[in-house]
file data_11.txt (compact mmCIF, N, CA and C atoms)
# COMPACT_ATOMS: atom_id res chain seq x y z
N MET V 1 57.15 38.13 -8.80
CA MET V 1 55.78 38.04 -8.41
C MET V 1 55.35 36.58 -8.37
N ARG V 2 54.55 36.22 -7.39
CA ARG V 2 54.09 34.84 -7.24
C ARG V 2 52.88 34.59 -8.13
N PRO V 3 52.86 33.40 -8.72
CA PRO V 3 51.65 33.08 -9.51
C PRO V 3 50.45 32.90 -8.56
N THR V 4 49.29 33.36 -9.02
CA THR V 4 48.09 33.22 -8.20
C THR V 4 47.51 31.82 -8.39
N ARG V 5 47.07 31.31 -7.33
CA ARG V 5 46.51 29.96 -7.34
C ARG V 5 45.05 30.06 -6.92
N PRO V 6 44.14 29.38 -7.64
CA PRO V 6 42.73 29.48 -7.27
C PRO V 6 42.49 28.92 -5.87
N SER V 7 41.62 29.54 -5.18
CA SER V 7 41.29 29.12 -3.83
C SER V 7 40.48 27.82 -3.88
N ARG V 8 40.81 26.85 -3.04
CA ARG V 8 40.13 25.55 -3.04
C ARG V 8 38.83 25.53 -2.24
N PRO V 9 38.67 26.28 -1.18
CA PRO V 9 37.41 26.19 -0.42
C PRO V 9 36.16 26.41 -1.26
N PRO V 10 36.08 27.41 -2.17
CA PRO V 10 34.86 27.55 -2.97
C PRO V 10 34.64 26.33 -3.87
N LEU V 11 35.70 25.75 -4.40
CA LEU V 11 35.57 24.57 -5.26
C LEU V 11 35.06 23.38 -4.46
N ILE V 12 35.59 23.17 -3.27
CA ILE V 12 35.15 22.08 -2.41
C ILE V 12 33.69 22.27 -2.01
N ALA V 13 33.31 23.48 -1.68
CA ALA V 13 31.93 23.77 -1.30
C ALA V 13 30.99 23.49 -2.46
N ALA V 14 31.38 23.85 -3.67
CA ALA V 14 30.53 23.60 -4.84
C ALA V 14 30.34 22.11 -5.08
N VAL V 15 31.41 21.33 -4.92
CA VAL V 15 31.33 19.88 -5.10
C VAL V 15 30.42 19.26 -4.03
N LEU V 16 30.53 19.71 -2.78
CA LEU V 16 29.68 19.19 -1.72
C LEU V 16 28.21 19.51 -1.96
N VAL V 17 27.91 20.73 -2.38
CA VAL V 17 26.53 21.12 -2.66
C VAL V 17 25.97 20.28 -3.79
N ALA V 18 26.74 20.07 -4.84
CA ALA V 18 26.29 19.26 -5.97
C ALA V 18 26.05 17.81 -5.53
N GLY V 19 26.93 17.28 -4.70
CA GLY V 19 26.78 15.91 -4.22
C GLY V 19 25.54 15.73 -3.37
N VAL V 20 25.27 16.66 -2.47
CA VAL V 20 24.07 16.60 -1.64
C VAL V 20 22.83 16.70 -2.50
N ALA V 21 22.83 17.58 -3.48
CA ALA V 21 21.68 17.73 -4.38
C ALA V 21 21.44 16.43 -5.15
N LEU V 22 22.49 15.79 -5.59
CA LEU V 22 22.36 14.53 -6.33
C LEU V 22 21.80 13.43 -5.43
N LEU V 23 22.29 13.33 -4.21
CA LEU V 23 21.79 12.31 -3.29
C LEU V 23 20.33 12.54 -2.94
N THR V 24 19.94 13.77 -2.75
CA THR V 24 18.55 14.09 -2.44
C THR V 24 17.65 13.75 -3.61
N ALA V 25 18.08 13.98 -4.82
CA ALA V 25 17.27 13.70 -6.00
C ALA V 25 17.06 12.22 -6.20
N CYS V 26 17.93 11.37 -5.68
CA CYS V 26 17.82 9.93 -5.87
C CYS V 26 16.91 9.26 -4.85
N GLN V 27 16.51 9.98 -3.81
CA GLN V 27 15.63 9.38 -2.81
C GLN V 27 14.21 9.34 -3.33
N GLU V 28 13.38 8.40 -2.77
CA GLU V 28 11.98 8.34 -3.15
C GLU V 28 11.31 9.65 -2.77
N SER V 29 10.48 10.15 -3.68
CA SER V 29 9.83 11.42 -3.41
C SER V 29 8.52 11.25 -2.67
N GLY V 30 7.98 10.05 -2.59
CA GLY V 30 6.72 9.87 -1.90
C GLY V 30 6.32 8.42 -1.91
N PRO V 31 5.25 8.08 -1.20
CA PRO V 31 4.87 6.70 -1.06
C PRO V 31 4.03 6.14 -2.19
N VAL V 32 3.59 6.95 -3.15
CA VAL V 32 2.70 6.44 -4.18
C VAL V 32 3.21 6.80 -5.57
N GLU V 33 2.77 6.01 -6.54
CA GLU V 33 3.11 6.25 -7.93
C GLU V 33 1.83 6.31 -8.74
N PRO V 34 1.87 6.93 -9.94
CA PRO V 34 0.68 6.98 -10.76
C PRO V 34 0.20 5.59 -11.15
N ALA V 35 -1.12 5.46 -11.36
CA ALA V 35 -1.67 4.19 -11.81
C ALA V 35 -1.05 3.81 -13.14
N GLY V 36 -0.97 2.53 -13.41
CA GLY V 36 -0.38 2.07 -14.65
C GLY V 36 1.09 1.76 -14.50
N THR V 37 1.69 2.13 -13.37
CA THR V 37 3.07 1.79 -13.09
C THR V 37 3.07 0.84 -11.91
N ALA V 38 4.19 0.22 -11.68
CA ALA V 38 4.29 -0.69 -10.54
C ALA V 38 4.06 0.10 -9.27
N ALA V 39 3.33 -0.50 -8.34
CA ALA V 39 3.07 0.18 -7.08
C ALA V 39 4.34 0.32 -6.28
N ALA V 40 4.48 1.45 -5.63
CA ALA V 40 5.66 1.71 -4.81
C ALA V 40 5.63 0.83 -3.57
N SER V 41 6.79 0.46 -3.09
CA SER V 41 6.89 -0.31 -1.86
C SER V 41 7.07 0.64 -0.69
N PRO V 42 6.39 0.36 0.43
CA PRO V 42 6.62 1.23 1.58
C PRO V 42 8.02 1.00 2.13
N SER V 43 8.64 2.06 2.66
CA SER V 43 9.92 1.86 3.29
C SER V 43 9.70 1.09 4.58
N PRO V 44 10.73 0.41 5.06
CA PRO V 44 10.56 -0.47 6.21
C PRO V 44 9.92 0.19 7.43
N GLY V 45 10.09 1.48 7.63
CA GLY V 45 9.53 2.13 8.80
C GLY V 45 8.23 2.85 8.55
N THR V 46 7.65 2.74 7.36
CA THR V 46 6.45 3.47 7.01
C THR V 46 5.27 3.02 7.87
N SER V 47 4.54 3.99 8.39
CA SER V 47 3.33 3.72 9.16
C SER V 47 2.27 4.71 8.73
N GLY V 48 1.01 4.29 8.75
CA GLY V 48 -0.08 5.18 8.40
C GLY V 48 -1.27 4.42 7.87
N THR V 49 -2.27 5.16 7.42
CA THR V 49 -3.50 4.58 6.90
C THR V 49 -3.56 4.82 5.40
N LEU V 50 -3.83 3.75 4.65
CA LEU V 50 -3.95 3.82 3.20
C LEU V 50 -5.40 3.54 2.83
N GLY V 51 -5.97 4.40 2.01
CA GLY V 51 -7.32 4.14 1.53
C GLY V 51 -8.33 5.08 2.12
N PRO V 52 -9.56 4.82 1.80
CA PRO V 52 -10.05 3.62 1.14
C PRO V 52 -9.61 3.54 -0.31
N GLY V 53 -9.42 2.31 -0.76
CA GLY V 53 -9.00 2.06 -2.13
C GLY V 53 -9.21 0.60 -2.48
N THR V 54 -8.85 0.24 -3.71
CA THR V 54 -9.03 -1.13 -4.18
C THR V 54 -7.78 -1.94 -3.88
N VAL V 55 -7.94 -2.97 -3.06
CA VAL V 55 -6.84 -3.86 -2.69
C VAL V 55 -6.79 -5.01 -3.67
N SER V 56 -5.59 -5.27 -4.19
CA SER V 56 -5.37 -6.36 -5.13
C SER V 56 -4.21 -7.23 -4.66
N TYR V 57 -4.34 -8.53 -4.90
CA TYR V 57 -3.29 -9.49 -4.57
C TYR V 57 -2.21 -9.42 -5.64
N LEU V 58 -0.93 -9.35 -5.24
CA LEU V 58 0.18 -9.33 -6.20
C LEU V 58 0.98 -10.62 -6.18
N ALA V 59 1.41 -11.05 -5.00
CA ALA V 59 2.26 -12.22 -4.83
C ALA V 59 2.12 -12.67 -3.38
N PRO V 60 2.62 -13.87 -3.03
CA PRO V 60 2.49 -14.30 -1.65
C PRO V 60 2.98 -13.24 -0.66
N GLY V 61 2.07 -12.82 0.23
CA GLY V 61 2.41 -11.84 1.24
C GLY V 61 2.47 -10.40 0.76
N THR V 62 2.15 -10.16 -0.52
CA THR V 62 2.26 -8.81 -1.07
C THR V 62 0.97 -8.41 -1.78
N TYR V 63 0.49 -7.23 -1.44
CA TYR V 63 -0.73 -6.68 -2.02
C TYR V 63 -0.45 -5.25 -2.47
N ALA V 64 -1.41 -4.69 -3.20
CA ALA V 64 -1.34 -3.28 -3.57
C ALA V 64 -2.70 -2.66 -3.31
N ILE V 65 -2.70 -1.39 -2.97
CA ILE V 65 -3.94 -0.65 -2.82
C ILE V 65 -3.88 0.53 -3.78
N ASP V 66 -4.93 0.68 -4.58
CA ASP V 66 -5.04 1.78 -5.54
C ASP V 66 -6.02 2.80 -4.98
N VAL V 67 -5.53 4.00 -4.73
CA VAL V 67 -6.36 5.07 -4.18
C VAL V 67 -6.33 6.22 -5.17
N SER V 68 -7.45 6.47 -5.83
CA SER V 68 -7.58 7.59 -6.77
C SER V 68 -6.44 7.65 -7.78
N GLY V 69 -6.10 6.51 -8.35
CA GLY V 69 -5.08 6.48 -9.39
C GLY V 69 -3.65 6.37 -8.92
N THR V 70 -3.45 6.24 -7.63
CA THR V 70 -2.09 6.05 -7.12
C THR V 70 -2.01 4.69 -6.45
N GLY V 71 -0.89 4.01 -6.63
CA GLY V 71 -0.74 2.67 -6.08
C GLY V 71 0.31 2.61 -4.99
N GLN V 72 0.08 1.73 -4.03
CA GLN V 72 1.01 1.53 -2.91
C GLN V 72 1.01 0.06 -2.57
N ARG V 73 2.20 -0.56 -2.59
CA ARG V 73 2.32 -1.95 -2.18
C ARG V 73 2.41 -2.03 -0.67
N PHE V 74 1.95 -3.15 -0.13
CA PHE V 74 2.11 -3.42 1.29
C PHE V 74 2.24 -4.91 1.49
N SER V 75 2.81 -5.28 2.62
CA SER V 75 2.99 -6.69 2.97
C SER V 75 2.01 -7.05 4.06
N VAL V 76 1.74 -8.36 4.18
CA VAL V 76 0.94 -8.86 5.28
C VAL V 76 1.77 -9.89 6.03
N SER V 77 1.38 -10.14 7.27
CA SER V 77 2.06 -11.16 8.07
C SER V 77 0.99 -11.96 8.79
N ASP V 78 1.41 -12.98 9.52
CA ASP V 78 0.45 -13.77 10.27
C ASP V 78 -0.22 -12.96 11.39
N ARG V 79 0.28 -11.76 11.66
CA ARG V 79 -0.32 -10.88 12.66
C ARG V 79 -1.31 -9.88 12.05
N THR V 80 -1.40 -9.84 10.72
CA THR V 80 -2.32 -8.92 10.06
C THR V 80 -3.76 -9.34 10.35
N GLU V 81 -4.55 -8.40 10.86
CA GLU V 81 -5.97 -8.64 11.12
C GLU V 81 -6.75 -8.22 9.88
N VAL V 82 -7.68 -9.08 9.44
CA VAL V 82 -8.50 -8.80 8.26
C VAL V 82 -9.96 -8.87 8.68
N TYR V 83 -10.72 -7.82 8.35
CA TYR V 83 -12.13 -7.76 8.68
C TYR V 83 -12.94 -7.56 7.41
N GLY V 84 -14.01 -8.35 7.27
CA GLY V 84 -14.82 -8.31 6.06
C GLY V 84 -16.21 -7.76 6.29
N ALA V 85 -16.79 -7.27 5.18
CA ALA V 85 -18.16 -6.77 5.17
C ALA V 85 -18.95 -7.44 4.06
N GLY V 86 -18.58 -8.69 3.74
CA GLY V 86 -19.34 -9.46 2.76
C GLY V 86 -18.59 -9.85 1.51
N ASP V 87 -17.60 -9.06 1.08
CA ASP V 87 -16.84 -9.42 -0.11
C ASP V 87 -15.59 -10.23 0.22
N ILE V 88 -14.91 -9.89 1.31
CA ILE V 88 -13.75 -10.69 1.73
C ILE V 88 -14.28 -11.94 2.42
N CYS V 89 -15.16 -11.75 3.40
CA CYS V 89 -15.80 -12.85 4.11
C CYS V 89 -16.96 -12.27 4.90
N GLY V 90 -17.75 -13.16 5.48
CA GLY V 90 -18.82 -12.75 6.37
C GLY V 90 -20.08 -12.30 5.66
N GLU V 91 -20.98 -11.76 6.48
CA GLU V 91 -22.25 -11.29 5.95
C GLU V 91 -22.08 -9.93 5.29
N HIS V 92 -22.93 -9.66 4.30
CA HIS V 92 -22.92 -8.37 3.59
C HIS V 92 -23.59 -7.35 4.50
N THR V 93 -22.76 -6.58 5.22
CA THR V 93 -23.26 -5.64 6.21
C THR V 93 -22.35 -4.42 6.27
N PRO V 94 -22.89 -3.24 6.60
CA PRO V 94 -22.06 -2.05 6.69
C PRO V 94 -20.98 -2.11 7.77
N GLU V 95 -21.16 -2.96 8.76
CA GLU V 95 -20.16 -3.10 9.82
C GLU V 95 -19.19 -4.21 9.43
N ALA V 96 -17.94 -3.86 9.21
CA ALA V 96 -16.92 -4.85 8.85
C ALA V 96 -16.37 -5.46 10.14
N THR V 97 -17.16 -6.35 10.75
CA THR V 97 -16.77 -6.92 12.03
C THR V 97 -16.41 -8.40 11.93
N ASP V 98 -16.64 -9.02 10.78
CA ASP V 98 -16.32 -10.43 10.63
C ASP V 98 -14.82 -10.59 10.42
N ARG V 99 -14.20 -11.42 11.24
CA ARG V 99 -12.76 -11.69 11.13
C ARG V 99 -12.54 -12.64 9.97
N CYS V 100 -11.64 -12.29 9.06
CA CYS V 100 -11.35 -13.09 7.87
C CYS V 100 -9.92 -13.63 7.94
N THR V 101 -9.64 -14.60 7.07
CA THR V 101 -8.30 -15.17 7.00
C THR V 101 -7.51 -14.49 5.88
N LEU V 102 -6.21 -14.68 5.89
CA LEU V 102 -5.38 -14.16 4.81
C LEU V 102 -5.71 -14.84 3.49
N ASN V 103 -6.13 -16.12 3.53
CA ASN V 103 -6.53 -16.80 2.29
C ASN V 103 -7.79 -16.17 1.71
N GLU V 104 -8.73 -15.76 2.56
CA GLU V 104 -9.94 -15.09 2.08
C GLU V 104 -9.59 -13.73 1.49
N LEU V 105 -8.64 -13.02 2.10
CA LEU V 105 -8.18 -11.75 1.55
C LEU V 105 -7.53 -11.98 0.19
N LYS V 106 -6.73 -13.02 0.07
CA LYS V 106 -6.08 -13.34 -1.21
C LYS V 106 -7.12 -13.58 -2.30
N GLU V 107 -8.13 -14.39 -1.99
CA GLU V 107 -9.17 -14.69 -2.98
C GLU V 107 -9.94 -13.43 -3.37
N ALA V 108 -10.30 -12.60 -2.40
CA ALA V 108 -11.01 -11.36 -2.69
C ALA V 108 -10.10 -10.40 -3.45
N GLY V 109 -8.80 -10.40 -3.11
CA GLY V 109 -7.84 -9.52 -3.75
C GLY V 109 -7.56 -9.87 -5.19
N ASN V 110 -7.84 -11.12 -5.59
CA ASN V 110 -7.65 -11.49 -7.00
C ASN V 110 -8.59 -10.72 -7.91
N GLY V 111 -9.77 -10.35 -7.39
CA GLY V 111 -10.71 -9.56 -8.17
C GLY V 111 -10.73 -8.11 -7.75
N GLY V 112 -10.05 -7.78 -6.68
CA GLY V 112 -10.03 -6.42 -6.15
C GLY V 112 -11.17 -6.23 -5.17
N VAL V 113 -10.88 -5.65 -4.03
CA VAL V 113 -11.87 -5.40 -3.00
C VAL V 113 -11.56 -4.04 -2.36
N THR V 114 -12.60 -3.27 -2.07
CA THR V 114 -12.41 -1.96 -1.47
C THR V 114 -12.14 -2.11 0.02
N ALA V 115 -11.05 -1.46 0.48
CA ALA V 115 -10.67 -1.59 1.89
C ALA V 115 -9.83 -0.41 2.33
N ILE V 116 -9.62 -0.35 3.64
CA ILE V 116 -8.70 0.59 4.27
C ILE V 116 -7.61 -0.25 4.91
N VAL V 117 -6.35 0.14 4.72
CA VAL V 117 -5.22 -0.63 5.23
C VAL V 117 -4.43 0.24 6.21
N VAL V 118 -4.22 -0.28 7.41
CA VAL V 118 -3.39 0.38 8.40
C VAL V 118 -2.04 -0.31 8.40
N VAL V 119 -0.99 0.47 8.05
CA VAL V 119 0.37 -0.07 7.93
C VAL V 119 1.19 0.39 9.12
N GLU V 120 1.90 -0.54 9.74
CA GLU V 120 2.81 -0.22 10.84
C GLU V 120 4.18 -0.80 10.51
N LYS V 121 5.16 0.07 10.40
CA LYS V 121 6.53 -0.33 10.08
C LYS V 121 6.61 -1.15 8.79
N GLY V 122 5.84 -0.73 7.78
CA GLY V 122 5.90 -1.35 6.47
C GLY V 122 5.03 -2.58 6.26
N VAL V 123 4.36 -3.05 7.32
CA VAL V 123 3.53 -4.26 7.22
C VAL V 123 2.10 -3.91 7.65
N ALA V 124 1.12 -4.45 6.93
CA ALA V 124 -0.28 -4.18 7.27
C ALA V 124 -0.60 -4.78 8.63
N ALA V 125 -1.07 -3.94 9.53
CA ALA V 125 -1.54 -4.41 10.83
C ALA V 125 -3.00 -4.81 10.72
N ARG V 126 -3.76 -4.06 9.88
CA ARG V 126 -5.19 -4.32 9.73
C ARG V 126 -5.65 -3.96 8.33
N VAL V 127 -6.48 -4.84 7.76
CA VAL V 127 -7.15 -4.58 6.48
C VAL V 127 -8.64 -4.66 6.78
N THR V 128 -9.35 -3.56 6.56
CA THR V 128 -10.78 -3.51 6.86
C THR V 128 -11.54 -3.21 5.57
N GLU V 129 -12.39 -4.16 5.18
CA GLU V 129 -13.20 -3.97 3.97
C GLU V 129 -14.16 -2.81 4.15
N VAL V 130 -14.33 -2.03 3.09
CA VAL V 130 -15.29 -0.94 3.08
C VAL V 130 -16.56 -1.48 2.45
N PHE V 131 -17.66 -1.36 3.16
CA PHE V 131 -18.96 -1.86 2.69
C PHE V 131 -19.31 -1.22 1.36
N THR V 132 -19.67 -2.05 0.40
CA THR V 132 -20.10 -1.58 -0.91
C THR V 132 -21.51 -2.10 -1.15
N PRO V 133 -22.51 -1.20 -1.25
CA PRO V 133 -23.88 -1.68 -1.50
C PRO V 133 -23.96 -2.43 -2.83
N ARG V 134 -24.71 -3.48 -2.82
CA ARG V 134 -24.90 -4.27 -4.05
C ARG V 134 -26.03 -3.67 -4.85
N THR V 135 -25.86 -3.68 -6.18
CA THR V 135 -26.90 -3.13 -7.05
C THR V 135 -27.96 -4.16 -7.38
N SER V 136 -27.65 -5.43 -7.20
CA SER V 136 -28.64 -6.48 -7.42
C SER V 136 -28.47 -7.51 -6.33
N PRO V 137 -29.55 -8.27 -6.04
CA PRO V 137 -29.42 -9.28 -4.99
C PRO V 137 -28.42 -10.35 -5.39
N PRO V 138 -27.74 -10.93 -4.43
CA PRO V 138 -26.78 -11.98 -4.76
C PRO V 138 -27.48 -13.21 -5.32
N ASP V 139 -26.78 -13.92 -6.17
CA ASP V 139 -27.31 -15.16 -6.74
C ASP V 139 -27.33 -16.20 -5.63
N VAL V 140 -28.52 -16.69 -5.31
CA VAL V 140 -28.62 -17.67 -4.22
C VAL V 140 -28.82 -19.09 -4.73
N GLY V 141 -28.57 -19.30 -6.00
CA GLY V 141 -28.60 -20.63 -6.55
C GLY V 141 -29.97 -21.11 -6.97
N HIS V 142 -30.90 -20.20 -7.27
CA HIS V 142 -32.22 -20.61 -7.75
C HIS V 142 -32.09 -21.13 -9.16
N SER V 143 -32.77 -22.20 -9.44
CA SER V 143 -32.73 -22.74 -10.80
C SER V 143 -33.79 -22.05 -11.64
N THR V 144 -33.55 -22.03 -12.94
CA THR V 144 -34.49 -21.37 -13.87
C THR V 144 -35.35 -22.39 -14.58
N GLU V 145 -35.40 -23.61 -14.09
CA GLU V 145 -36.18 -24.66 -14.74
C GLU V 145 -37.64 -24.50 -14.51

call {"tool": "encode", "arguments": {"input": "data_11.txt", "output": "C-alpha cells"}}
result
Amino acid sequence: MRPTRPSRPPLIAAVLVAGVALLTACQESGPVEPAGTAAASPSPGTSGTLGPGTVSYLAPGTYAIDVSGTGQRFSVSDRTEVYGAGDICGEHTPEATDRCTLNELKEAGNGGVTAIVVVEKGVAARVTEVFTPRTSPPDVGHSTE
C-alpha cells in the first residue's frame, strides 16, 4: 500500500489567503487619524475637499487641518491659491475673496485658522478661509491715556 501524502493545493490556498489578508491589514485604512496623534499624510493621488476645519502650520510646505477631532496633513506649492476673510489676510468679511500669500497662510496657521482645503493629487490647490464673526471689535490702536 502507498503512503498517503497530504494534498498541497489546500495548503497553498491557505497561505495565499493569509498573505493577502496580511497585506490588506497593513494598508492605510483612511485619510484621517484621531486628534492627539500625528496627522495622516494624504497619499500622492488623493483628491477631495477637507474641512471646514482648523488649519495649522507644521513645517515648510506642510500644514494640517483638524476637522471634528480628526487630522489630515496636506502640502502646498507655489500654485496653491489662498483666499482670506480677515484672519489670513484682507478685510474681515463673509466673502473670502482676498488673495493671500503662502507667507500669510503660514503666519495665520501658526495660531490656527478656520478654512476649507481643496486637495488635488495630494497637494492643496486652494485654501479658503471660513469667515468667523468676531465677538469684540478689533484693537485699532487707541491709546488709553

call {"tool": "closest_residue", "arguments": {"input": "data_11.txt", "among": "V:Pro60, V:Pro133, V:Gly48, V:Gly90", "to": "V:Ser75", "atoms": "only N, CA and C atoms"}}
result
V:Pro60

call {"tool": "closest_residue", "arguments": {"input": "data_11.txt", "among": "V:Ser47, V:Val55, V:Ala115, V:Tyr83", "to": "V:Glu95", "atoms": "all atoms listed in the file"}}
result
V:Tyr83

call {"tool": "closest_residue", "arguments": {"input": "data_11.txt", "among": "V:Thr132, V:Asn110, V:Thr62, V:Thr101", "to": "V:Val82", "atoms": "only C-alpha atoms"}}
result
V:Thr101

call {"tool": "residues_around", "arguments": {"input": "data_11.txt", "residues": "V:Ala64", "least_positions_apart": "2", "cutoff": "6 Å", "atoms": "only C-alpha atoms", "output": "VMD selection string"}}
result
chain V and resid 55 to 56 72 to 74

call {"tool": "write_last_selection", "arguments": {"input": "data_11.txt", "atoms": "N, CA and C atoms", "output": "PDB file, in the coordinates of the input"}}
result
ATOM      1  N   VAL V  55      -7.940  -2.970  -3.060  1.00  0.00           N
ATOM      2  CA  VAL V  55      -6.840  -3.860  -2.690  1.00  0.00           C
ATOM      3  C   VAL V  55      -6.790  -5.010  -3.670  1.00  0.00           C
ATOM      4  N   SER V  56      -5.590  -5.270  -4.190  1.00  0.00           N
ATOM      5  CA  SER V  56      -5.370  -6.360  -5.130  1.00  0.00           C
ATOM      6  C   SER V  56      -4.210  -7.230  -4.660  1.00  0.00           C
ATOM      7  N   GLN V  72       0.080   1.730  -4.030  1.00  0.00           N
ATOM      8  CA  GLN V  72       1.010   1.530  -2.910  1.00  0.00           C
ATOM      9  C   GLN V  72       1.010   0.060  -2.570  1.00  0.00           C
ATOM     10  N   ARG V  73       2.200  -0.560  -2.590  1.00  0.00           N
ATOM     11  CA  ARG V  73       2.320  -1.950  -2.180  1.00  0.00           C
ATOM     12  C   ARG V  73       2.410  -2.030  -0.670  1.00  0.00           C
ATOM     13  N   PHE V  74       1.950  -3.150  -0.130  1.00  0.00           N
ATOM     14  CA  PHE V  74       2.110  -3.420   1.290  1.00  0.00           C
ATOM     15  C   PHE V  74       2.240  -4.910   1.490  1.00  0.00           C
TER      16      PHE V  74
END

call {"tool": "residues_near_point", "arguments": {"input": "data_11.txt", "point": "(-3.6, -1.3, 6.4)", "cutoff": "6 Å", "atoms": "all atoms listed in the file", "output": "short mmCIF file (atom, residue, chain, number, x, y, z; two decimals) with N, CA and C atoms, keeping the file's coordinate frame"}}
result
data_model
loop_
_atom_site.label_atom_id
_atom_site.label_comp_id
_atom_site.auth_asym_id
_atom_site.auth_seq_id
_atom_site.Cartn_x
_atom_site.Cartn_y
_atom_site.Cartn_z
N THR V 49 -2.27 5.16 7.42
CA THR V 49 -3.50 4.58 6.90
C THR V 49 -3.56 4.82 5.40
N LEU V 50 -3.83 3.75 4.65
CA LEU V 50 -3.95 3.82 3.20
C LEU V 50 -5.40 3.54 2.83
N ILE V 116 -9.62 -0.35 3.64
CA ILE V 116 -8.70 0.59 4.27
C ILE V 116 -7.61 -0.25 4.91
N VAL V 117 -6.35 0.14 4.72
CA VAL V 117 -5.22 -0.63 5.23
C VAL V 117 -4.43 0.24 6.21
N VAL V 118 -4.22 -0.28 7.41
CA VAL V 118 -3.39 0.38 8.40
C VAL V 118 -2.04 -0.31 8.40
N VAL V 119 -0.99 0.47 8.05
CA VAL V 119 0.37 -0.07 7.93
C VAL V 119 1.19 0.39 9.12
N ALA V 124 1.12 -4.45 6.93
CA ALA V 124 -0.28 -4.18 7.27
C ALA V 124 -0.60 -4.78 8.63
N ALA V 125 -1.07 -3.94 9.53
CA ALA V 125 -1.54 -4.41 10.83
C ALA V 125 -3.00 -4.81 10.72
N ARG V 126 -3.76 -4.06 9.88
CA ARG V 126 -5.19 -4.32 9.73
C ARG V 126 -5.65 -3.96 8.33
N VAL V 127 -6.48 -4.84 7.76
CA VAL V 127 -7.15 -4.58 6.48
C VAL V 127 -8.64 -4.66 6.78
#

call {"tool": "atom_distance", "arguments": {"input": "data_11.txt", "atom1": "atom CA of V:Val123", "atom2": "atom CA of V:Gly51"}}
result
14.9 Å

call {"tool": "closest_residue", "arguments": {"input": "data_11.txt", "among": "V:Gly122, V:Gly112, V:Pro52, V:Cys89", "to": "V:Val76", "atoms": "only N, CA and C atoms"}}
result
V:Gly122

call {"tool": "atom_distance", "arguments": {"input": "data_11.txt", "atom1": "atom C of V:Ser68", "atom2": "atom C of V:Gly111"}}
result
16.3 Å

call {"tool": "residues_around", "arguments": {"input": "data_11.txt", "residues": "V:Thr93", "least_positions_apart": "5", "cutoff": "7 Å", "atoms": "only N, CA and C atoms", "output": "ChimeraX atom specification"}}
result
/V:84-86,131-132

call {"tool": "atom_distance", "arguments": {"input": "data_11.txt", "atom1": "atom CA of V:Leu58", "atom2": "atom CA of V:Glu91"}}
result
25.6 Å

call {"tool": "closest_residue", "arguments": {"input": "data_11.txt", "among": "V:Val113, V:Ala59, V:Thr54, V:Val130", "to": "V:Ala96", "atoms": "only N, CA and C atoms"}}
result
V:Val130

call {"tool": "decode", "arguments": {"input": "data_11.txt", "residues": "stretch 121-125 of chain V", "atoms": "all heavy atoms", "output": "PDB file, in the first residue's frame"}}
result
ATOM      1  N   LYS V 121      -4.404  65.587  -6.092  1.00  0.00           N
ATOM      2  CA  LYS V 121      -3.213  64.735  -6.192  1.00  0.00           C
ATOM      3  C   LYS V 121      -2.252  64.954  -5.025  1.00  0.00           C
ATOM      4  O   LYS V 121      -1.054  65.021  -5.198  1.00  0.00           O
ATOM      5  CB  LYS V 121      -2.522  64.937  -7.530  1.00  0.00           C
ATOM      6  CG  LYS V 121      -3.399  64.540  -8.706  1.00  0.00           C
ATOM      7  CD  LYS V 121      -2.696  64.720 -10.011  1.00  0.00           C
ATOM      8  CE  LYS V 121      -3.634  64.344 -11.149  1.00  0.00           C
ATOM      9  NZ  LYS V 121      -3.039  64.564 -12.447  1.00  0.00           N
ATOM     10  N   GLY V 122      -2.807  65.094  -3.813  1.00  0.00           N
ATOM     11  CA  GLY V 122      -2.012  65.191  -2.606  1.00  0.00           C
ATOM     12  C   GLY V 122      -1.520  66.579  -2.242  1.00  0.00           C
ATOM     13  O   GLY V 122      -0.911  66.767  -1.202  1.00  0.00           O
ATOM     14  N   VAL V 123      -1.780  67.586  -3.094  1.00  0.00           N
ATOM     15  CA  VAL V 123      -1.312  68.950  -2.835  1.00  0.00           C
ATOM     16  C   VAL V 123      -2.519  69.891  -2.829  1.00  0.00           C
ATOM     17  O   VAL V 123      -3.413  69.770  -3.674  1.00  0.00           O
ATOM     18  CB  VAL V 123      -0.298  69.393  -3.920  1.00  0.00           C
ATOM     19  CG1 VAL V 123       0.164  70.819  -3.684  1.00  0.00           C
ATOM     20  CG2 VAL V 123       0.892  68.449  -3.950  1.00  0.00           C
ATOM     21  N   ALA V 124      -2.514  70.838  -1.893  1.00  0.00           N
ATOM     22  CA  ALA V 124      -3.623  71.793  -1.819  1.00  0.00           C
ATOM     23  C   ALA V 124      -3.645  72.665  -3.064  1.00  0.00           C
ATOM     24  O   ALA V 124      -2.655  73.307  -3.394  1.00  0.00           O
ATOM     25  CB  ALA V 124      -3.493  72.656  -0.578  1.00  0.00           C
ATOM     26  N   ALA V 125      -4.772  72.657  -3.751  1.00  0.00           N
ATOM     27  CA  ALA V 125      -4.966  73.545  -4.897  1.00  0.00           C
ATOM     28  C   ALA V 125      -5.491  74.889  -4.408  1.00  0.00           C
ATOM     29  O   ALA V 125      -5.141  75.937  -4.932  1.00  0.00           O
ATOM     30  CB  ALA V 125      -5.946  72.935  -5.888  1.00  0.00           C
TER      31      ALA V 125
END
